$ cat structure.txt   # compact mmCIF, C-alpha atoms
# COMPACT_ATOMS: atom_id res chain seq x y z
CA MET K 1 0.00 0.00 0.00
CA ILE K 2 1.30 3.47 -0.82
CA TYR K 3 0.69 6.57 1.29
CA PHE K 4 1.68 10.13 0.41
CA VAL K 5 2.54 12.09 3.56
CA ASP K 6 2.79 15.81 4.19
CA ALA K 7 1.76 18.42 6.71
CA ALA K 8 -0.58 21.33 6.11
CA HIS K 9 -0.70 24.32 8.41
CA PHE K 10 -4.05 26.06 8.12
CA VAL K 11 -3.86 29.59 9.53
CA LEU K 12 -6.88 31.53 10.78
CA ALA K 13 -6.36 34.50 8.48
CA PRO K 14 -8.04 36.07 5.45
CA PHE K 15 -8.04 33.95 2.28
CA PHE K 16 -9.54 35.78 -0.65
CA GLY K 17 -10.62 33.57 -3.52
CA PHE K 18 -11.06 36.65 -5.68
CA LEU K 19 -12.05 40.25 -5.09
CA TRP K 20 -13.00 42.92 -7.58
CA CYS K 21 -15.27 45.91 -7.05
CA MET K 22 -15.82 49.43 -8.32
CA LYS K 23 -16.06 51.02 -4.91
CA ARG K 24 -14.39 50.47 -1.59
CA ILE K 25 -16.05 47.91 0.66
CA PHE K 26 -15.03 46.45 3.98
CA ILE K 27 -14.90 42.70 4.35
CA ARG K 28 -14.91 40.95 7.70
CA THR K 29 -11.78 38.93 8.26
CA PRO K 30 -10.64 36.83 11.20
CA ALA K 31 -8.18 38.20 13.69
CA GLY K 32 -5.23 36.30 15.06
CA ARG K 33 -2.72 33.84 13.74
CA GLN K 34 -3.91 30.59 15.26
CA ARG K 35 -2.88 27.50 13.31
CA LEU K 36 -4.43 24.10 12.80
CA ASN K 37 -1.75 21.57 11.88
CA VAL K 38 -2.73 18.47 9.93
CA LEU K 39 -0.16 15.76 9.28
CA GLY K 40 -1.81 13.52 6.74
CA ALA K 41 -1.16 10.25 4.97
CA LEU K 42 -3.18 9.89 1.78
CA ASN K 43 -3.85 6.32 0.65
CA ALA K 44 -3.02 6.42 -3.06
CA VAL K 45 -5.66 3.83 -3.96
CA THR K 46 -8.65 4.42 -1.67
CA LYS K 47 -8.05 8.19 -1.28
CA GLU K 48 -8.67 7.85 2.47
CA LEU K 49 -6.75 10.19 4.74
CA VAL K 50 -5.09 9.05 7.95
CA SER K 51 -4.25 12.15 9.98
CA VAL K 52 -2.92 13.63 13.17
CA ILE K 53 -4.44 17.03 13.90
CA ASN K 54 -3.32 19.52 16.55
CA ASP K 55 -2.92 23.24 17.19
CA LYS K 56 0.64 23.05 18.52
CA SER K 57 3.20 21.78 16.00
CA VAL K 58 4.24 18.98 13.69
CA ASN K 59 7.44 17.22 14.73
CA ALA K 60 9.08 13.79 14.76
CA GLU K 61 6.77 12.61 17.54
CA THR K 62 3.74 13.58 15.42
CA VAL K 63 5.18 11.60 12.48
CA ARG K 64 5.61 8.55 14.73
CA GLU K 65 1.99 8.92 15.85
CA LEU K 66 0.92 8.93 12.19
CA LEU K 67 3.04 5.84 11.46
CA ASP K 68 1.33 4.09 14.40
CA LYS K 69 -2.07 4.89 12.88
CA ILE K 70 -0.99 3.53 9.48
CA ALA K 71 0.42 0.36 11.05
CA ALA K 72 -2.79 -0.13 13.08
CA ILE K 73 -4.80 -0.42 9.85
CA GLY K 74 -3.17 -3.84 9.41
CA HIS K 75 -2.46 -3.99 5.69
CA SER K 76 -1.72 -7.46 4.37
CA ILE K 77 0.72 -6.07 1.80
CA PRO K 78 3.89 -4.03 2.35
CA VAL K 79 3.40 -0.35 3.17
CA THR K 80 5.44 2.40 1.54
CA VAL K 81 5.19 5.96 2.81
CA ILE K 82 6.29 8.74 0.46
CA LEU K 83 7.51 11.87 2.24
CA ASP K 84 9.21 15.14 1.49
CA ASN K 85 12.51 16.12 3.08
CA ALA K 86 11.29 17.89 6.21
CA LYS K 87 13.88 17.49 8.97
CA TYR K 88 11.36 16.07 11.42
CA GLN K 89 10.52 13.30 8.90
CA ARG K 90 14.06 12.45 7.85
CA CYS K 91 15.55 12.01 11.33
CA HIS K 92 16.73 8.65 12.70
CA TYR K 93 14.04 8.80 15.38
CA VAL K 94 11.41 8.40 12.63
CA ILE K 95 13.42 6.24 10.21
CA ASP K 96 14.30 3.65 12.87
CA TYR K 97 10.72 3.57 14.15
CA ALA K 98 9.35 2.98 10.64
CA LYS K 99 11.73 0.01 10.28
CA GLU K 100 10.41 -1.42 13.57
CA LEU K 101 6.87 -1.16 12.20
CA GLY K 102 7.85 -2.69 8.85
CA ILE K 103 7.03 0.49 6.93
CA GLU K 104 9.27 1.56 4.06
CA LEU K 105 10.01 5.28 3.83
CA LEU K 106 10.62 6.78 0.40
CA PHE K 107 11.84 10.38 0.31
CA LEU K 108 11.04 12.62 -2.65
CA PRO K 109 13.76 14.73 -4.26
CA PRO K 110 14.18 18.18 -2.68
CA TYR K 111 11.86 20.93 -3.89
CA SER K 112 9.42 18.65 -5.70
CA PRO K 113 5.98 19.17 -4.16
CA ASN K 114 4.40 18.39 -7.54
CA LEU K 115 5.38 14.73 -6.99
CA ASN K 116 3.48 14.49 -3.70
CA LEU K 117 -0.16 13.64 -4.39
CA ILE K 118 -1.33 14.95 -1.02
CA GLU K 119 -0.39 18.51 -2.02
CA ARG K 120 -3.43 18.49 -4.33
CA LEU K 121 -5.60 17.48 -1.40
CA TRP K 122 -4.38 20.38 0.75
CA LYS K 123 -5.17 22.79 -2.10
CA PHE K 124 -8.66 21.26 -2.40
CA ILE K 125 -9.32 21.68 1.34
CA LYS K 126 -8.14 25.30 1.25
CA LYS K 127 -10.44 25.98 -1.68
CA LYS K 128 -13.45 24.36 0.03
CA CYS K 129 -12.89 25.71 3.54
CA LEU K 130 -10.85 28.90 3.38
CA ASN K 131 -11.28 30.86 0.16
CA SER K 132 -13.56 33.84 0.79
CA ILE K 133 -15.08 32.35 3.95
CA TYR K 134 -15.22 34.20 7.25
CA TYR K 135 -14.84 32.29 10.53
CA PRO K 136 -15.55 34.26 13.70
CA ASP K 137 -13.31 32.10 15.89
CA PHE K 138 -10.75 29.32 15.85
CA ARG K 139 -13.27 26.70 16.93
CA SER K 140 -15.50 27.20 13.86
CA PHE K 141 -12.42 27.44 11.63
CA SER K 142 -11.06 24.11 12.96
CA ALA K 143 -14.49 22.47 12.75
CA ALA K 144 -14.85 23.42 9.08
CA ILE K 145 -11.49 21.88 8.19
CA THR K 146 -11.97 18.69 10.20
CA THR K 147 -15.49 18.29 8.78
CA CYS K 148 -14.15 18.65 5.23
CA ILE K 149 -11.44 16.06 5.99
CA GLY K 150 -14.09 13.72 7.37
CA GLU K 151 -16.21 14.11 4.23
CA LEU K 152 -13.45 13.43 1.68
CA THR K 153 -14.64 9.90 0.88
CA THR K 154 -18.36 10.68 1.15
CA VAL K 155 -19.60 14.18 0.28
CA HIS K 156 -16.53 15.15 -1.77
CA LYS K 157 -15.82 11.65 -3.13
CA ASN K 158 -16.28 12.42 -6.85
CA GLU K 159 -14.19 15.59 -6.72
CA VAL K 160 -11.44 13.91 -4.71
CA TYR K 161 -11.25 10.86 -6.98
CA SER K 162 -11.03 13.10 -10.04
CA LEU K 163 -8.42 15.37 -8.48
CA LEU K 164 -6.24 12.61 -7.04
CA SER K 165 -6.04 10.44 -10.13
CA LEU K 166 -3.00 8.21 -10.49
CA LYS K 167 -2.92 8.74 -14.24
CA PHE K 168 0.32 10.49 -15.00
CA GLN K 169 1.57 11.67 -18.35
CA THR K 170 4.56 9.71 -19.57
CA PHE K 171 6.96 10.46 -22.38
CA ASN K 172 8.28 7.59 -24.47
CA ASN K 173 10.83 7.69 -27.27
CA LEU K 174 11.67 11.33 -26.89
CA ASN K 175 13.99 12.83 -29.41
CA HIS K 176 15.71 15.88 -27.96
CA GLN K 177 17.47 16.91 -31.15
CA PRO K 178 16.59 20.37 -32.50
CA LYS K 179 14.73 20.53 -35.79
$ encode --input "structure.txt" --output "C-alpha cells"
Amino acid sequence: MIYFVDAAHFVLAPFFGFLWCMKRIFIRTPAGRQRLNVLGALNAVTKELVSVINDKSVNAETVRELLDKIAAIGHSIPVTVILDNAKYQRCHYVIDYAKELGIELLFLPPYSPNLNLIERLWKFIKKKCLNSIYYPDFRSFSAAITTCIGELTTVHKNEVYSLLSLKFQTFNNLNHQPK
C-alpha cells in the first residue's frame, strides 16, 4: 500500500478567492494567527486520509503517531510511505521507528511538491474551507477543516477521486534533437 505524507498548516487568516469591485467595501476577516496543523497520509488507492491534527506543532513525535495509525490499519501487503525532506521526517528517530513497524520510507527529491499527491488534497481543502469564507473564531475554523477532511470519501468523493487520479503523463521515445 502506498501513502503520500505531508503536513498542512491552516492559519486563521483572510483567504480571498477573488475580489473585484468598483467602490471600496469592507470585508470581515478573522483576527489572530492561530494555526491548525494536519499531518496527513493519503492512501493512493482508496483516497482515504489518515491524519494527526493539533494546534501546537508537527514534529518527529507527530510523524511517529501517524506511522502508528498507518500500522494499526493492518495492511496485508507491504506499506510504503512517500515523504518530502522535512527534517522532522528524515531524522533517525522516525526512520528507525518505521523500520520497527515494517514500513518503508521513500523520500522525494528536494523541492518537488508536484510529486506528492497529497499537495493536491491540501489545495482542495483550502479551496473548500478557506477561500472567501469568514470564521468568527478558531473553533469554527477548525471544525470546518476537520469536517471537510471527514467528508473526503463521502460528500466530496467524486471531486477527490477526479483530483487525485493516479494517471500520469509519460513520455516515451523522446527525441531531444533540435529541428
$ atom_distance --input "structure.txt" --atom1 "atom CA of Arg33 of chain K" --atom2 "atom CA of Ala7 of chain K"
17.5 Å
$ residues_around --input "structure.txt" --residues "Gln89 of chain K" --least-positions-apart "6" --cutoff "8 Å" --atoms "all atoms listed in the file" --output "CSV table (one decimal) with C-alpha atoms, in the coordinates of the input"
chain,number,residue,atom,x,y,z
K,59,ASN,CA,7.4,17.2,14.7
K,60,ALA,CA,9.1,13.8,14.8
K,63,VAL,CA,5.2,11.6,12.5
K,83,LEU,CA,7.5,11.9,2.2
K,95,ILE,CA,13.4,6.2,10.2
$ residues_around --input "structure.txt" --residues "Val45 of chain K" --least-positions-apart "3" --cutoff "10 Å" --atoms "all atoms listed in the file" --output "list of chain:residue names"
K:Met1, K:Ile2, K:Tyr3, K:Leu42, K:Glu48, K:Tyr161, K:Leu164, K:Ser165, K:Leu166
$ atom_distance --input "structure.txt" --atom1 "atom CA of Ile145 of chain K" --atom2 "atom CA of Val81 of chain K"
23.7 Å
$ residues_around --input "structure.txt" --residues "Cys148 of chain K" --least-positions-apart "2" --cutoff "12 Å" --atoms "only C-alpha atoms" --output "VMD selection string"
chain K and resid 49 121 to 122 124 to 130 141 to 146 150 to 157 160
$ residues_near_point --input "structure.txt" --point "(-1.7, 23.8, 15.9)" --cutoff "9 Å" --atoms "all atoms listed in the file" --output "PDB file with C-alpha atoms, keeping the file's coordinate frame"
ATOM      1  CA  HIS K   9      -0.700  24.320   8.410  1.00  0.00           C
ATOM      2  CA  PHE K  10      -4.050  26.060   8.120  1.00  0.00           C
ATOM      3  CA  VAL K  11      -3.860  29.590   9.530  1.00  0.00           C
ATOM      4  CA  GLN K  34      -3.910  30.590  15.260  1.00  0.00           C
ATOM      5  CA  ARG K  35      -2.880  27.500  13.310  1.00  0.00           C
ATOM      6  CA  LEU K  36      -4.430  24.100  12.800  1.00  0.00           C
ATOM      7  CA  ASN K  37      -1.750  21.570  11.880  1.00  0.00           C
ATOM      8  CA  VAL K  38      -2.730  18.470   9.930  1.00  0.00           C
ATOM      9  CA  ILE K  53      -4.440  17.030  13.900  1.00  0.00           C
ATOM     10  CA  ASN K  54      -3.320  19.520  16.550  1.00  0.00           C
ATOM     11  CA  ASP K  55      -2.920  23.240  17.190  1.00  0.00           C
ATOM     12  CA  LYS K  56       0.640  23.050  18.520  1.00  0.00           C
ATOM     13  CA  SER K  57       3.200  21.780  16.000  1.00  0.00           C
ATOM     14  CA  VAL K  58       4.240  18.980  13.690  1.00  0.00           C
TER      15      VAL K  58
END
$ atom_distance --input "structure.txt" --atom1 "atom CA of Glu61 of chain K" --atom2 "atom CA of Gly102 of chain K"
17.6 Å
$ residues_around --input "structure.txt" --residues "Ser112 of chain K" --least-positions-apart "4" --cutoff "9 Å" --atoms "all atoms listed in the file" --output "list in words"
Asp84, Leu108 and Asn116 of chain K
$ closest_residue --input "structure.txt" --among "K:Ala31, K:Gly40, K:Leu105, K:Ala71" --to "His92 of chain K" --atoms "all atoms listed in the file"
K:Leu105
$ residues_around --input "structure.txt" --residues "Ile70 of chain K" --least-positions-apart "3" --cutoff "9 Å" --atoms "all atoms listed in the file" --output "PyMOL selection string"
chain K and resi 3+41+50+65-67+73-75+79+103
$ closest_residue --input "structure.txt" --among "K:Tyr134, K:Lys69, K:Val94, K:Ser162" --to "Ile27 of chain K" --atoms "all atoms listed in the file"
K:Tyr134
$ build_atoms --input "structure.txt" --residues "segment 107-125 of chain K" --atoms "N, CA and C atoms" --output "compact mmCIF listing (two decimals), keeping the file's coordinate frame"
# COMPACT_ATOMS: atom_id res chain seq x y z
N PHE K 107 11.75 8.92 0.28
CA PHE K 107 11.84 10.38 0.31
C PHE K 107 11.89 10.94 -1.11
N LEU K 108 11.07 11.95 -1.35
CA LEU K 108 11.04 12.62 -2.65
C LEU K 108 12.28 13.48 -2.81
N PRO K 109 12.64 13.80 -4.04
CA PRO K 109 13.76 14.73 -4.26
C PRO K 109 13.42 16.10 -3.65
N PRO K 110 14.44 16.84 -3.24
CA PRO K 110 14.18 18.18 -2.68
C PRO K 110 13.43 19.07 -3.67
N TYR K 111 12.60 19.92 -3.13
CA TYR K 111 11.86 20.93 -3.89
C TYR K 111 11.01 20.32 -5.01
N SER K 112 10.27 19.27 -4.69
CA SER K 112 9.42 18.65 -5.70
C SER K 112 8.02 18.36 -5.15
N PRO K 113 7.31 19.39 -4.69
CA PRO K 113 5.98 19.17 -4.16
C PRO K 113 4.99 18.64 -5.20
N ASN K 114 5.29 18.88 -6.47
CA ASN K 114 4.40 18.39 -7.54
C ASN K 114 4.38 16.87 -7.62
N LEU K 115 5.34 16.19 -7.00
CA LEU K 115 5.38 14.73 -6.99
C LEU K 115 4.61 14.14 -5.80
N ASN K 116 4.19 14.98 -4.89
CA ASN K 116 3.48 14.49 -3.70
C ASN K 116 1.98 14.69 -3.90
N LEU K 117 1.27 13.61 -4.08
CA LEU K 117 -0.16 13.64 -4.39
C LEU K 117 -0.98 14.37 -3.34
N ILE K 118 -0.56 14.33 -2.09
CA ILE K 118 -1.33 14.95 -1.02
C ILE K 118 -1.35 16.48 -1.12
N GLU K 119 -0.40 17.05 -1.83
CA GLU K 119 -0.39 18.51 -2.02
C GLU K 119 -1.67 18.97 -2.72
N ARG K 120 -2.17 18.16 -3.65
CA ARG K 120 -3.43 18.49 -4.33
C ARG K 120 -4.59 18.48 -3.35
N LEU K 121 -4.54 17.56 -2.41
CA LEU K 121 -5.60 17.48 -1.40
C LEU K 121 -5.61 18.72 -0.51
N TRP K 122 -4.45 19.18 -0.09
CA TRP K 122 -4.38 20.38 0.75
C TRP K 122 -4.95 21.58 -0.01
N LYS K 123 -4.63 21.69 -1.28
CA LYS K 123 -5.17 22.79 -2.10
C LYS K 123 -6.69 22.70 -2.20
N PHE K 124 -7.21 21.49 -2.35
CA PHE K 124 -8.66 21.26 -2.40
C PHE K 124 -9.33 21.70 -1.09
N ILE K 125 -8.74 21.32 0.04
CA ILE K 125 -9.32 21.68 1.34
C ILE K 125 -9.29 23.19 1.53
